[in-house]
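Structure below is work-v2.cif: mmCIF, N, CA and C atoms.
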```cif
data_query
loop_
_atom_site.label_atom_id
_atom_site.label_comp_id
_atom_site.auth_asym_id
_atom_site.auth_seq_id
_atom_site.Cartn_x
_atom_site.Cartn_y
_atom_site.Cartn_z
N MET A 26 -27.99 -5.08 -18.10
CA MET A 26 -26.94 -4.24 -17.54
C MET A 26 -25.90 -5.14 -16.85
N ASP A 27 -24.65 -4.80 -17.05
CA ASP A 27 -23.57 -5.58 -16.44
C ASP A 27 -23.53 -5.37 -14.94
N GLU A 28 -23.11 -6.42 -14.25
CA GLU A 28 -22.93 -6.37 -12.79
C GLU A 28 -21.73 -5.47 -12.48
N ARG A 29 -21.90 -4.58 -11.52
CA ARG A 29 -20.79 -3.71 -11.10
C ARG A 29 -19.84 -4.50 -10.22
N ILE A 30 -18.56 -4.15 -10.27
CA ILE A 30 -17.59 -4.83 -9.41
C ILE A 30 -17.77 -4.34 -7.97
N THR A 31 -17.28 -5.13 -7.05
CA THR A 31 -17.37 -4.76 -5.63
C THR A 31 -16.41 -3.61 -5.33
N TRP A 32 -16.65 -2.95 -4.22
CA TRP A 32 -15.74 -1.87 -3.79
C TRP A 32 -14.34 -2.43 -3.54
N ASP A 33 -14.25 -3.60 -2.92
CA ASP A 33 -12.93 -4.20 -2.69
C ASP A 33 -12.19 -4.43 -4.00
N ASP A 34 -12.86 -5.00 -4.98
CA ASP A 34 -12.22 -5.22 -6.29
C ASP A 34 -11.83 -3.90 -6.95
N TYR A 35 -12.69 -2.91 -6.83
CA TYR A 35 -12.41 -1.59 -7.39
C TYR A 35 -11.12 -1.00 -6.81
N PHE A 36 -11.00 -1.01 -5.48
CA PHE A 36 -9.83 -0.41 -4.86
C PHE A 36 -8.57 -1.26 -5.05
N ILE A 37 -8.71 -2.58 -5.11
CA ILE A 37 -7.55 -3.43 -5.40
C ILE A 37 -7.06 -3.17 -6.83
N MET A 38 -8.00 -3.02 -7.76
CA MET A 38 -7.61 -2.71 -9.14
C MET A 38 -6.88 -1.37 -9.22
N LEU A 39 -7.33 -0.41 -8.42
CA LEU A 39 -6.61 0.88 -8.38
C LEU A 39 -5.20 0.69 -7.84
N ALA A 40 -5.05 -0.12 -6.78
CA ALA A 40 -3.72 -0.39 -6.23
C ALA A 40 -2.82 -1.04 -7.28
N ILE A 41 -3.39 -1.95 -8.06
CA ILE A 41 -2.61 -2.58 -9.14
C ILE A 41 -2.16 -1.53 -10.15
N ASN A 42 -3.07 -0.64 -10.54
CA ASN A 42 -2.71 0.43 -11.48
C ASN A 42 -1.65 1.35 -10.90
N ILE A 43 -1.79 1.68 -9.64
CA ILE A 43 -0.81 2.56 -8.99
C ILE A 43 0.56 1.89 -8.95
N SER A 44 0.60 0.58 -8.80
CA SER A 44 1.88 -0.14 -8.75
C SER A 44 2.68 0.01 -10.05
N THR A 45 2.03 0.35 -11.14
CA THR A 45 2.73 0.50 -12.42
C THR A 45 3.66 1.72 -12.42
N ARG A 46 3.50 2.61 -11.44
CA ARG A 46 4.41 3.76 -11.29
C ARG A 46 5.67 3.40 -10.49
N SER A 47 5.70 2.21 -9.90
CA SER A 47 6.83 1.79 -9.08
C SER A 47 8.14 1.87 -9.85
N THR A 48 9.19 2.26 -9.14
CA THR A 48 10.52 2.29 -9.75
C THR A 48 11.40 1.16 -9.21
N CYS A 49 10.84 0.30 -8.37
CA CYS A 49 11.60 -0.83 -7.82
C CYS A 49 11.81 -1.88 -8.91
N ILE A 50 13.02 -2.42 -8.97
CA ILE A 50 13.30 -3.42 -10.00
C ILE A 50 12.96 -4.83 -9.55
N ARG A 51 12.65 -5.01 -8.26
CA ARG A 51 12.38 -6.35 -7.74
C ARG A 51 10.90 -6.66 -7.60
N ARG A 52 10.10 -5.68 -7.21
CA ARG A 52 8.67 -5.93 -6.95
C ARG A 52 7.91 -4.62 -7.13
N LYS A 53 6.80 -4.68 -7.85
CA LYS A 53 5.94 -3.51 -8.07
C LYS A 53 4.78 -3.59 -7.09
N VAL A 54 4.68 -2.60 -6.19
CA VAL A 54 3.64 -2.59 -5.17
C VAL A 54 2.90 -1.26 -5.22
N GLY A 55 1.58 -1.32 -5.10
CA GLY A 55 0.76 -0.13 -5.03
C GLY A 55 -0.15 -0.19 -3.83
N ALA A 56 -0.51 0.99 -3.30
CA ALA A 56 -1.37 1.08 -2.12
C ALA A 56 -2.37 2.22 -2.28
N VAL A 57 -3.56 2.00 -1.72
CA VAL A 57 -4.61 3.02 -1.70
C VAL A 57 -5.20 3.03 -0.30
N ILE A 58 -5.22 4.20 0.33
CA ILE A 58 -5.85 4.35 1.65
C ILE A 58 -7.24 4.95 1.42
N VAL A 59 -8.24 4.29 2.01
CA VAL A 59 -9.65 4.62 1.74
C VAL A 59 -10.41 4.71 3.06
N ARG A 60 -11.31 5.68 3.13
CA ARG A 60 -12.28 5.73 4.24
C ARG A 60 -13.62 6.13 3.65
N ASP A 61 -14.65 5.41 4.04
CA ASP A 61 -16.01 5.68 3.56
C ASP A 61 -16.08 5.71 2.03
N LYS A 62 -15.39 4.77 1.40
CA LYS A 62 -15.36 4.62 -0.06
C LYS A 62 -14.77 5.82 -0.78
N ARG A 63 -13.94 6.59 -0.08
CA ARG A 63 -13.28 7.75 -0.66
C ARG A 63 -11.76 7.58 -0.53
N ILE A 64 -11.05 7.87 -1.60
CA ILE A 64 -9.59 7.73 -1.60
C ILE A 64 -8.98 8.89 -0.83
N LEU A 65 -8.14 8.55 0.16
CA LEU A 65 -7.46 9.55 0.97
C LEU A 65 -6.02 9.77 0.51
N ALA A 66 -5.35 8.69 0.11
CA ALA A 66 -3.95 8.79 -0.32
C ALA A 66 -3.58 7.54 -1.10
N THR A 67 -2.54 7.66 -1.90
CA THR A 67 -2.02 6.52 -2.66
C THR A 67 -0.50 6.49 -2.53
N GLY A 68 0.09 5.37 -2.87
CA GLY A 68 1.54 5.28 -2.87
C GLY A 68 2.01 4.07 -3.65
N TYR A 69 3.23 4.15 -4.13
CA TYR A 69 3.88 3.02 -4.78
C TYR A 69 5.32 2.97 -4.27
N ASN A 70 5.98 1.84 -4.46
CA ASN A 70 7.32 1.70 -3.92
C ASN A 70 8.37 2.24 -4.88
N GLY A 71 9.42 2.82 -4.28
CA GLY A 71 10.52 3.35 -5.08
C GLY A 71 11.36 4.32 -4.28
N ALA A 72 12.38 4.82 -4.93
CA ALA A 72 13.33 5.75 -4.28
C ALA A 72 12.63 7.05 -3.89
N PRO A 73 13.13 7.71 -2.83
CA PRO A 73 12.56 8.99 -2.42
C PRO A 73 12.69 10.05 -3.52
N THR A 74 11.84 11.05 -3.45
CA THR A 74 11.87 12.16 -4.39
C THR A 74 13.27 12.77 -4.42
N GLY A 75 13.79 12.97 -5.62
CA GLY A 75 15.10 13.59 -5.78
C GLY A 75 16.26 12.61 -5.72
N ILE A 76 15.98 11.35 -5.45
CA ILE A 76 17.02 10.31 -5.40
C ILE A 76 16.87 9.46 -6.66
N SER A 77 17.99 9.11 -7.28
CA SER A 77 17.92 8.33 -8.52
C SER A 77 17.30 6.96 -8.26
N HIS A 78 16.59 6.49 -9.27
CA HIS A 78 15.95 5.18 -9.19
C HIS A 78 17.00 4.08 -9.23
N CYS A 79 16.66 2.94 -8.65
CA CYS A 79 17.57 1.81 -8.66
C CYS A 79 17.66 1.21 -10.07
N THR A 80 18.81 0.64 -10.32
CA THR A 80 19.03 -0.14 -11.54
C THR A 80 19.56 -1.50 -11.09
N GLU A 81 19.73 -2.41 -12.01
CA GLU A 81 20.30 -3.72 -11.67
C GLU A 81 21.65 -3.54 -10.97
N GLU A 82 22.41 -2.54 -11.38
CA GLU A 82 23.74 -2.31 -10.82
C GLU A 82 23.72 -1.58 -9.48
N THR A 83 22.73 -0.74 -9.24
CA THR A 83 22.73 0.09 -8.02
C THR A 83 21.79 -0.42 -6.92
N CYS A 84 21.00 -1.43 -7.20
CA CYS A 84 20.08 -1.97 -6.19
C CYS A 84 20.90 -2.63 -5.07
N LEU A 85 20.80 -2.08 -3.86
CA LEU A 85 21.55 -2.63 -2.73
C LEU A 85 21.16 -4.07 -2.43
N ARG A 86 19.90 -4.38 -2.59
CA ARG A 86 19.42 -5.73 -2.27
C ARG A 86 20.01 -6.75 -3.24
N ASN A 87 20.14 -6.36 -4.50
CA ASN A 87 20.79 -7.24 -5.47
C ASN A 87 22.29 -7.30 -5.21
N LYS A 88 22.89 -6.13 -4.96
CA LYS A 88 24.34 -6.05 -4.76
C LYS A 88 24.80 -6.96 -3.61
N TYR A 89 24.03 -6.97 -2.51
CA TYR A 89 24.41 -7.76 -1.34
C TYR A 89 23.65 -9.09 -1.25
N ASN A 90 22.92 -9.42 -2.33
CA ASN A 90 22.21 -10.70 -2.42
C ASN A 90 21.28 -10.92 -1.22
N ILE A 91 20.47 -9.91 -0.88
CA ILE A 91 19.57 -9.97 0.27
C ILE A 91 18.26 -10.63 -0.15
N PRO A 92 17.88 -11.70 0.51
CA PRO A 92 16.62 -12.37 0.15
C PRO A 92 15.40 -11.50 0.48
N SER A 93 14.33 -11.75 -0.22
CA SER A 93 13.07 -11.07 0.05
C SER A 93 12.65 -11.31 1.49
N GLY A 94 12.15 -10.27 2.13
CA GLY A 94 11.66 -10.38 3.50
C GLY A 94 12.71 -10.18 4.57
N GLU A 95 13.95 -9.93 4.18
CA GLU A 95 15.03 -9.73 5.15
C GLU A 95 15.68 -8.36 4.95
N ARG A 96 16.19 -7.82 6.06
CA ARG A 96 17.00 -6.59 6.04
C ARG A 96 16.36 -5.45 5.23
N HIS A 97 15.12 -5.12 5.58
CA HIS A 97 14.39 -4.07 4.86
C HIS A 97 15.13 -2.74 4.85
N GLU A 98 15.95 -2.50 5.86
CA GLU A 98 16.65 -1.23 5.94
C GLU A 98 17.72 -1.08 4.85
N LEU A 99 18.14 -2.18 4.25
CA LEU A 99 19.13 -2.12 3.18
C LEU A 99 18.44 -2.01 1.83
N CYS A 100 17.86 -0.84 1.63
CA CYS A 100 17.13 -0.55 0.39
C CYS A 100 17.00 0.97 0.29
N ARG A 101 17.21 1.48 -0.90
CA ARG A 101 17.06 2.92 -1.13
C ARG A 101 15.59 3.33 -1.20
N GLY A 102 14.72 2.39 -1.45
CA GLY A 102 13.33 2.70 -1.70
C GLY A 102 12.45 2.72 -0.47
N LEU A 103 11.34 3.38 -0.62
CA LEU A 103 10.25 3.36 0.36
C LEU A 103 9.20 2.38 -0.14
N HIS A 104 8.49 1.78 0.79
CA HIS A 104 7.40 0.88 0.42
C HIS A 104 6.16 1.69 0.07
N ALA A 105 5.27 1.09 -0.69
CA ALA A 105 4.04 1.76 -1.13
C ALA A 105 3.22 2.24 0.06
N GLU A 106 3.14 1.41 1.11
CA GLU A 106 2.38 1.78 2.30
C GLU A 106 2.99 3.01 2.97
N GLN A 107 4.32 3.04 3.04
CA GLN A 107 5.01 4.19 3.63
C GLN A 107 4.74 5.45 2.82
N ASN A 108 4.83 5.34 1.50
CA ASN A 108 4.57 6.51 0.66
C ASN A 108 3.13 6.99 0.76
N SER A 109 2.18 6.08 0.94
CA SER A 109 0.78 6.52 1.08
C SER A 109 0.57 7.24 2.41
N ILE A 110 1.20 6.77 3.48
CA ILE A 110 1.12 7.46 4.78
C ILE A 110 1.76 8.84 4.68
N ILE A 111 2.92 8.90 4.03
CA ILE A 111 3.62 10.19 3.86
C ILE A 111 2.78 11.16 3.04
N GLN A 112 2.16 10.67 1.97
CA GLN A 112 1.32 11.53 1.13
C GLN A 112 0.18 12.12 1.95
N ALA A 113 -0.46 11.30 2.76
CA ALA A 113 -1.55 11.80 3.60
C ALA A 113 -1.03 12.86 4.56
N ALA A 114 0.10 12.61 5.20
CA ALA A 114 0.67 13.56 6.15
C ALA A 114 1.03 14.88 5.46
N MET A 115 1.63 14.80 4.29
CA MET A 115 2.03 16.02 3.56
C MET A 115 0.84 16.91 3.22
N HIS A 116 -0.32 16.28 3.02
CA HIS A 116 -1.51 17.04 2.64
C HIS A 116 -2.48 17.24 3.80
N GLY A 117 -2.06 16.87 5.02
CA GLY A 117 -2.89 17.09 6.19
C GLY A 117 -4.15 16.26 6.23
N VAL A 118 -4.08 15.04 5.69
CA VAL A 118 -5.25 14.17 5.63
C VAL A 118 -5.14 13.11 6.71
N SER A 119 -6.10 13.08 7.61
CA SER A 119 -6.11 12.05 8.64
C SER A 119 -6.51 10.71 8.02
N ILE A 120 -5.76 9.67 8.39
CA ILE A 120 -6.11 8.33 7.91
C ILE A 120 -6.59 7.45 9.06
N MET A 121 -6.87 8.06 10.19
CA MET A 121 -7.39 7.34 11.35
C MET A 121 -8.69 6.63 10.98
N GLY A 122 -8.74 5.33 11.26
CA GLY A 122 -9.94 4.55 11.00
C GLY A 122 -10.13 4.12 9.55
N ALA A 123 -9.12 4.38 8.72
CA ALA A 123 -9.24 4.06 7.29
C ALA A 123 -8.84 2.61 7.01
N ASN A 124 -9.02 2.22 5.77
CA ASN A 124 -8.62 0.92 5.26
C ASN A 124 -7.50 1.13 4.26
N ILE A 125 -6.61 0.14 4.13
CA ILE A 125 -5.59 0.21 3.08
C ILE A 125 -5.76 -0.98 2.16
N TYR A 126 -5.69 -0.71 0.87
CA TYR A 126 -5.71 -1.73 -0.17
C TYR A 126 -4.31 -1.76 -0.77
N VAL A 127 -3.69 -2.96 -0.76
CA VAL A 127 -2.31 -3.09 -1.20
C VAL A 127 -2.20 -4.31 -2.11
N THR A 128 -1.34 -4.20 -3.10
CA THR A 128 -1.15 -5.34 -4.00
C THR A 128 -0.53 -6.53 -3.26
N HIS A 129 0.30 -6.26 -2.25
CA HIS A 129 1.00 -7.29 -1.49
C HIS A 129 0.76 -7.08 0.01
N GLN A 130 0.78 -8.15 0.77
CA GLN A 130 0.65 -8.06 2.22
C GLN A 130 1.75 -7.16 2.79
N PRO A 131 1.41 -6.23 3.68
CA PRO A 131 2.43 -5.35 4.26
C PRO A 131 3.46 -6.12 5.09
N CYS A 132 4.72 -5.69 5.00
CA CYS A 132 5.80 -6.27 5.79
C CYS A 132 5.67 -5.80 7.25
N SER A 133 6.53 -6.28 8.12
CA SER A 133 6.44 -5.92 9.54
C SER A 133 6.69 -4.43 9.77
N ILE A 134 7.60 -3.82 9.02
CA ILE A 134 7.87 -2.39 9.20
C ILE A 134 6.63 -1.58 8.80
N CYS A 135 6.06 -1.89 7.66
CA CYS A 135 4.86 -1.17 7.22
C CYS A 135 3.67 -1.47 8.14
N THR A 136 3.57 -2.70 8.60
CA THR A 136 2.49 -3.06 9.52
C THR A 136 2.55 -2.20 10.77
N LYS A 137 3.73 -2.01 11.34
CA LYS A 137 3.86 -1.15 12.54
C LYS A 137 3.41 0.27 12.23
N MET A 138 3.83 0.79 11.08
CA MET A 138 3.46 2.16 10.71
C MET A 138 1.95 2.28 10.49
N LEU A 139 1.37 1.30 9.83
CA LEU A 139 -0.07 1.33 9.55
C LEU A 139 -0.89 1.24 10.83
N ILE A 140 -0.46 0.37 11.75
CA ILE A 140 -1.15 0.26 13.03
C ILE A 140 -1.12 1.59 13.76
N ASN A 141 0.07 2.21 13.84
CA ASN A 141 0.19 3.47 14.57
C ASN A 141 -0.48 4.64 13.87
N SER A 142 -0.70 4.53 12.57
CA SER A 142 -1.39 5.62 11.86
C SER A 142 -2.90 5.49 11.94
N GLY A 143 -3.39 4.40 12.56
CA GLY A 143 -4.83 4.26 12.77
C GLY A 143 -5.56 3.45 11.73
N ILE A 144 -4.84 2.80 10.82
CA ILE A 144 -5.49 1.96 9.80
C ILE A 144 -6.13 0.77 10.50
N LYS A 145 -7.37 0.47 10.16
CA LYS A 145 -8.13 -0.58 10.84
C LYS A 145 -8.34 -1.84 10.01
N LYS A 146 -8.04 -1.77 8.71
CA LYS A 146 -8.28 -2.93 7.85
C LYS A 146 -7.24 -2.96 6.74
N PHE A 147 -6.66 -4.15 6.52
CA PHE A 147 -5.73 -4.37 5.41
C PHE A 147 -6.44 -5.28 4.41
N THR A 148 -6.46 -4.86 3.16
CA THR A 148 -6.96 -5.71 2.08
C THR A 148 -5.83 -5.83 1.06
N TYR A 149 -5.46 -7.06 0.73
CA TYR A 149 -4.37 -7.24 -0.21
C TYR A 149 -4.60 -8.47 -1.07
N ARG A 150 -3.79 -8.60 -2.14
CA ARG A 150 -3.92 -9.72 -3.07
C ARG A 150 -2.90 -10.81 -2.81
N LEU A 151 -1.66 -10.44 -2.63
CA LEU A 151 -0.59 -11.43 -2.59
C LEU A 151 0.03 -11.52 -1.20
N PRO A 152 0.15 -12.72 -0.66
CA PRO A 152 0.75 -12.88 0.67
C PRO A 152 2.25 -12.60 0.64
N TYR A 153 2.79 -12.33 1.81
CA TYR A 153 4.21 -12.04 1.98
C TYR A 153 4.64 -12.75 3.26
N ASN A 154 5.66 -13.54 3.20
CA ASN A 154 6.07 -14.36 4.33
C ASN A 154 6.75 -13.48 5.39
N ASP A 155 5.97 -13.01 6.35
CA ASP A 155 6.51 -12.19 7.44
C ASP A 155 5.72 -12.52 8.70
N PRO A 156 6.17 -13.53 9.45
CA PRO A 156 5.43 -13.96 10.65
C PRO A 156 5.24 -12.84 11.68
N LEU A 157 6.22 -11.95 11.84
CA LEU A 157 6.08 -10.85 12.79
C LEU A 157 4.92 -9.94 12.39
N ALA A 158 4.81 -9.62 11.11
CA ALA A 158 3.70 -8.79 10.63
C ALA A 158 2.37 -9.46 10.95
N GLU A 159 2.29 -10.76 10.72
CA GLU A 159 1.05 -11.49 10.98
C GLU A 159 0.70 -11.48 12.46
N GLU A 160 1.70 -11.66 13.32
CA GLU A 160 1.46 -11.63 14.76
C GLU A 160 0.94 -10.26 15.22
N MET A 161 1.55 -9.19 14.71
CA MET A 161 1.15 -7.84 15.11
C MET A 161 -0.26 -7.52 14.65
N VAL A 162 -0.61 -7.93 13.44
CA VAL A 162 -1.96 -7.69 12.92
C VAL A 162 -3.00 -8.35 13.81
N ILE A 163 -2.72 -9.59 14.22
CA ILE A 163 -3.65 -10.31 15.09
C ILE A 163 -3.76 -9.61 16.44
N GLU A 164 -2.62 -9.28 17.03
CA GLU A 164 -2.63 -8.65 18.35
C GLU A 164 -3.31 -7.28 18.33
N ALA A 165 -3.13 -6.54 17.26
CA ALA A 165 -3.73 -5.20 17.15
C ALA A 165 -5.20 -5.25 16.75
N GLY A 166 -5.70 -6.43 16.38
CA GLY A 166 -7.11 -6.54 16.00
C GLY A 166 -7.42 -5.95 14.64
N ILE A 167 -6.43 -5.94 13.74
CA ILE A 167 -6.63 -5.41 12.40
C ILE A 167 -7.42 -6.44 11.58
N ASP A 168 -8.43 -5.98 10.88
CA ASP A 168 -9.18 -6.85 9.98
C ASP A 168 -8.35 -7.09 8.72
N ILE A 169 -8.36 -8.32 8.23
CA ILE A 169 -7.62 -8.71 7.04
C ILE A 169 -8.60 -9.27 6.02
N VAL A 170 -8.46 -8.81 4.77
CA VAL A 170 -9.20 -9.38 3.66
C VAL A 170 -8.19 -9.69 2.56
N ILE A 171 -8.21 -10.91 2.07
CA ILE A 171 -7.34 -11.30 0.96
C ILE A 171 -8.20 -11.46 -0.27
N ILE A 172 -7.86 -10.73 -1.31
CA ILE A 172 -8.62 -10.76 -2.55
C ILE A 172 -7.81 -11.53 -3.58
N ASN A 173 -8.35 -12.61 -4.05
CA ASN A 173 -7.66 -13.42 -5.05
C ASN A 173 -8.25 -13.18 -6.43
N SER A 174 -8.31 -11.91 -6.80
CA SER A 174 -8.88 -11.59 -8.12
C SER A 174 -7.83 -11.82 -9.20
N GLU A 175 -8.29 -12.00 -10.39
CA GLU A 175 -7.40 -12.23 -11.53
C GLU A 175 -7.13 -10.94 -12.28
N GLN A 176 -7.45 -9.83 -11.71
CA GLN A 176 -7.29 -8.53 -12.38
C GLN A 176 -5.84 -8.20 -12.61
#
```
Take the structure from the file and write it as structure tokens.
Amino acid sequence: MDERITWDDYFIMLAINISTRSTCIRRKVGAVIVRDKRILATGYNGAPTGISHCTEETCLRNKYNIPSGERHELCRGLHAEQNSIIQAAMHGVSIMGANIYVTHQPCSICTKMLINSGIKKFTYRLPYNDPLAEEMVIEAGIDIVIINSEQ
């Protein structure tokens, strides 16, 4: 019998699959919020419902040549972590004490939201250069797991 994958690998693979729904032209990100090995909410990055998706011509970050990790407010899209928090709120699902699995390390804006929503553990695959996010995670006592799977 084949060895089963770990729960962390399972949920990271789901986040990767969820990222394929992303409408962002710069980076595809997926997120899964989990508690007690049960999925509570998911999200991917992209424009809000009812707003047209970005194109090479309409992407504000491309238009103004904004480097990655800077000026997050100059973007039409929501991050995957934000969309997963919103999904949970829309359906009345508490995410207090849950874990989030994300394809990429959360930025400082998402980190603040995740901390205040009660998320206790971040598991992600790809690092993101955001020293403020890293400082807040340490100060808040959030557990971090980095998964370097080839999935």
May I have the residues within 6 Å of Ala56 (chain A) as a VMD selection string, using all atoms listed in the file and disregarding those fewer than 3 positions away in the same chain?
-> chain A and resid 40 43 to 44 66 to 69 105 to 106 126 to 128
Go ahead and save the residues from that selection, with N, CA and C atoms, as a PDB file, keeping the file's coordinate frame.
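In the end it all went to result11.pdb:
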```pdb
ATOM      1  N   ALA A  40      -5.050  -0.120  -6.780  1.00  0.00           N
ATOM      2  CA  ALA A  40      -3.720  -0.390  -6.230  1.00  0.00           C
ATOM      3  C   ALA A  40      -2.820  -1.040  -7.280  1.00  0.00           C
ATOM      4  N   ILE A  43      -1.790   1.680  -9.640  1.00  0.00           N
ATOM      5  CA  ILE A  43      -0.810   2.560  -8.990  1.00  0.00           C
ATOM      6  C   ILE A  43       0.560   1.890  -8.950  1.00  0.00           C
ATOM      7  N   SER A  44       0.600   0.580  -8.800  1.00  0.00           N
ATOM      8  CA  SER A  44       1.880  -0.140  -8.750  1.00  0.00           C
ATOM      9  C   SER A  44       2.680   0.010 -10.050  1.00  0.00           C
ATOM     10  N   ALA A  66      -5.350   8.690   0.110  1.00  0.00           N
ATOM     11  CA  ALA A  66      -3.950   8.790  -0.320  1.00  0.00           C
ATOM     12  C   ALA A  66      -3.580   7.540  -1.100  1.00  0.00           C
ATOM     13  N   THR A  67      -2.540   7.660  -1.900  1.00  0.00           N
ATOM     14  CA  THR A  67      -2.020   6.520  -2.660  1.00  0.00           C
ATOM     15  C   THR A  67      -0.500   6.490  -2.530  1.00  0.00           C
ATOM     16  N   GLY A  68       0.090   5.370  -2.870  1.00  0.00           N
ATOM     17  CA  GLY A  68       1.540   5.280  -2.870  1.00  0.00           C
ATOM     18  C   GLY A  68       2.010   4.070  -3.650  1.00  0.00           C
ATOM     19  N   TYR A  69       3.230   4.150  -4.130  1.00  0.00           N
ATOM     20  CA  TYR A  69       3.880   3.020  -4.780  1.00  0.00           C
ATOM     21  C   TYR A  69       5.320   2.970  -4.270  1.00  0.00           C
ATOM     22  N   ALA A 105       5.270   1.090  -0.690  1.00  0.00           N
ATOM     23  CA  ALA A 105       4.040   1.760  -1.130  1.00  0.00           C
ATOM     24  C   ALA A 105       3.220   2.240   0.060  1.00  0.00           C
ATOM     25  N   GLU A 106       3.140   1.410   1.110  1.00  0.00           N
ATOM     26  CA  GLU A 106       2.380   1.780   2.300  1.00  0.00           C
ATOM     27  C   GLU A 106       2.990   3.010   2.970  1.00  0.00           C
ATOM     28  N   TYR A 126      -5.690  -0.710   0.870  1.00  0.00           N
ATOM     29  CA  TYR A 126      -5.710  -1.730  -0.170  1.00  0.00           C
ATOM     30  C   TYR A 126      -4.310  -1.760  -0.770  1.00  0.00           C
ATOM     31  N   VAL A 127      -3.690  -2.960  -0.760  1.00  0.00           N
ATOM     32  CA  VAL A 127      -2.310  -3.090  -1.200  1.00  0.00           C
ATOM     33  C   VAL A 127      -2.200  -4.310  -2.110  1.00  0.00           C
ATOM     34  N   THR A 128      -1.340  -4.200  -3.100  1.00  0.00           N
ATOM     35  CA  THR A 128      -1.150  -5.340  -4.000  1.00  0.00           C
ATOM     36  C   THR A 128      -0.530  -6.530  -3.260  1.00  0.00           C
TER      37      THR A 128
END
```
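Distance annotation: of A:Asn154, A:Asn70, A:Ile134, A:Leu99, the residue with the minimal separation from Thr45 (chain A) is A:Asn70; atom set is all atoms listed in the file.
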Closest of A:Ile50, A:Ala113, A:Met138, A:Val170 to Arg101 (chain A) - atom-to-atom distances counting only C-alpha atoms | A:Ile50
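A straight line drawn from CA of Ile163 (chain A) to atom N of Met121 (chain A) is 19.3 Å long.
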Run through the PyMOL selection byres ((chain A and resi 169) around 6) on the given coordinates and return the selected residues as a VMD selection string.
-> chain A and resid 146 to 148 167 to 168 170 to 171
Tell me, which residues of region 33-170 of chain A carry DSSP helix (DSSP H, G or I), written as a ChimeraX atom specification?
-> /A:33-44,85-88,105-115,133-141,156-165
Point out the residue among A:Ile41, A:Leu65, A:Ile125, A:Ile30 with the least atom-to-atom distance to Gln112 (chain A), counting only N, CA and C atoms.
-> A:Leu65
(8.6, -10.8, -0.1) in this file's frame - what residues fall within 8 Å of it? Use all atoms listed in the file and give the answer as a PDB file with N, CA and C atoms, in the frame of the given file.
```pdb
ATOM      1  N   PRO A  92      17.880 -11.700   0.510  1.00  0.00           N
ATOM      2  CA  PRO A  92      16.620 -12.370   0.150  1.00  0.00           C
ATOM      3  C   PRO A  92      15.400 -11.500   0.480  1.00  0.00           C
ATOM      4  N   SER A  93      14.330 -11.750  -0.220  1.00  0.00           N
ATOM      5  CA  SER A  93      13.070 -11.070   0.050  1.00  0.00           C
ATOM      6  C   SER A  93      12.650 -11.310   1.490  1.00  0.00           C
ATOM      7  N   GLY A  94      12.150 -10.270   2.130  1.00  0.00           N
ATOM      8  CA  GLY A  94      11.660 -10.380   3.500  1.00  0.00           C
ATOM      9  C   GLY A  94      12.710 -10.180   4.570  1.00  0.00           C
ATOM     10  N   GLU A  95      13.950  -9.930   4.180  1.00  0.00           N
ATOM     11  CA  GLU A  95      15.030  -9.730   5.150  1.00  0.00           C
ATOM     12  C   GLU A  95      15.680  -8.360   4.950  1.00  0.00           C
ATOM     13  N   CYS A 132       4.720  -5.690   5.000  1.00  0.00           N
ATOM     14  CA  CYS A 132       5.800  -6.270   5.790  1.00  0.00           C
ATOM     15  C   CYS A 132       5.670  -5.800   7.250  1.00  0.00           C
ATOM     16  N   PRO A 152       0.150 -12.720  -0.660  1.00  0.00           N
ATOM     17  CA  PRO A 152       0.750 -12.880   0.670  1.00  0.00           C
ATOM     18  C   PRO A 152       2.250 -12.600   0.640  1.00  0.00           C
ATOM     19  N   TYR A 153       2.790 -12.330   1.810  1.00  0.00           N
ATOM     20  CA  TYR A 153       4.210 -12.040   1.980  1.00  0.00           C
ATOM     21  C   TYR A 153       4.640 -12.750   3.260  1.00  0.00           C
ATOM     22  N   ASN A 154       5.660 -13.540   3.200  1.00  0.00           N
ATOM     23  CA  ASN A 154       6.070 -14.360   4.330  1.00  0.00           C
ATOM     24  C   ASN A 154       6.750 -13.480   5.390  1.00  0.00           C
ATOM     25  N   ASP A 155       5.970 -13.010   6.350  1.00  0.00           N
ATOM     26  CA  ASP A 155       6.510 -12.190   7.440  1.00  0.00           C
ATOM     27  C   ASP A 155       5.720 -12.520   8.700  1.00  0.00           C
TER      28      ASP A 155
END
```
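Put simply, atom C of Asp34 (chain A) is 12.0 Å away from atom C of Arg150 (chain A).
The closest residue to Gln130 (chain A), picked from A:Leu151, A:Ile144, A:Cys100, A:Ile111 and counting all atoms listed in the file, is A:Leu151.
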From A:Leu157, A:Val162, A:Leu103, A:Val59, residue lying nearest Gly122 (chain A) [all atoms listed in the file] | A:Val59
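Interatomic distance, CA of Ile37 (chain A) to CA of Tyr149 (chain A): 7.2 Å.
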Residues in the PyMOL selection byres ((chain A and resi 143) around 5), expressed as an MDAnalysis selection string = chainID A and resid 120:123 139:142 144:145
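Put simply, the PyMOL selection byres (((chain A and resi 80 and name CA) around 12) and name CA) in this file takes in A:Thr48, A:Cys49, A:Ile50, A:Arg51, A:Gly71, A:Ala72, A:Ser77, A:His78, A:Cys79, A:Glu81, A:Glu82, A:Thr83, A:Cys84, A:Leu85, A:Arg86, A:Asn87, A:Lys88, A:Arg101, A:Gly102.
Nearest-residue note for His129 (chain A): choosing from A:Gly117, A:Pro156, A:Gly55, A:Gly166, the minimum distance belongs to A:Gly55, counting all atoms listed in the file.
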Check the DSSP output for the backbone and give back, as a PyMOL selection string, the residues of chain A in strand (DSSP E or B).
-> chain A and resi 55-60+63-69+71+103+124-129+146-151+168-171
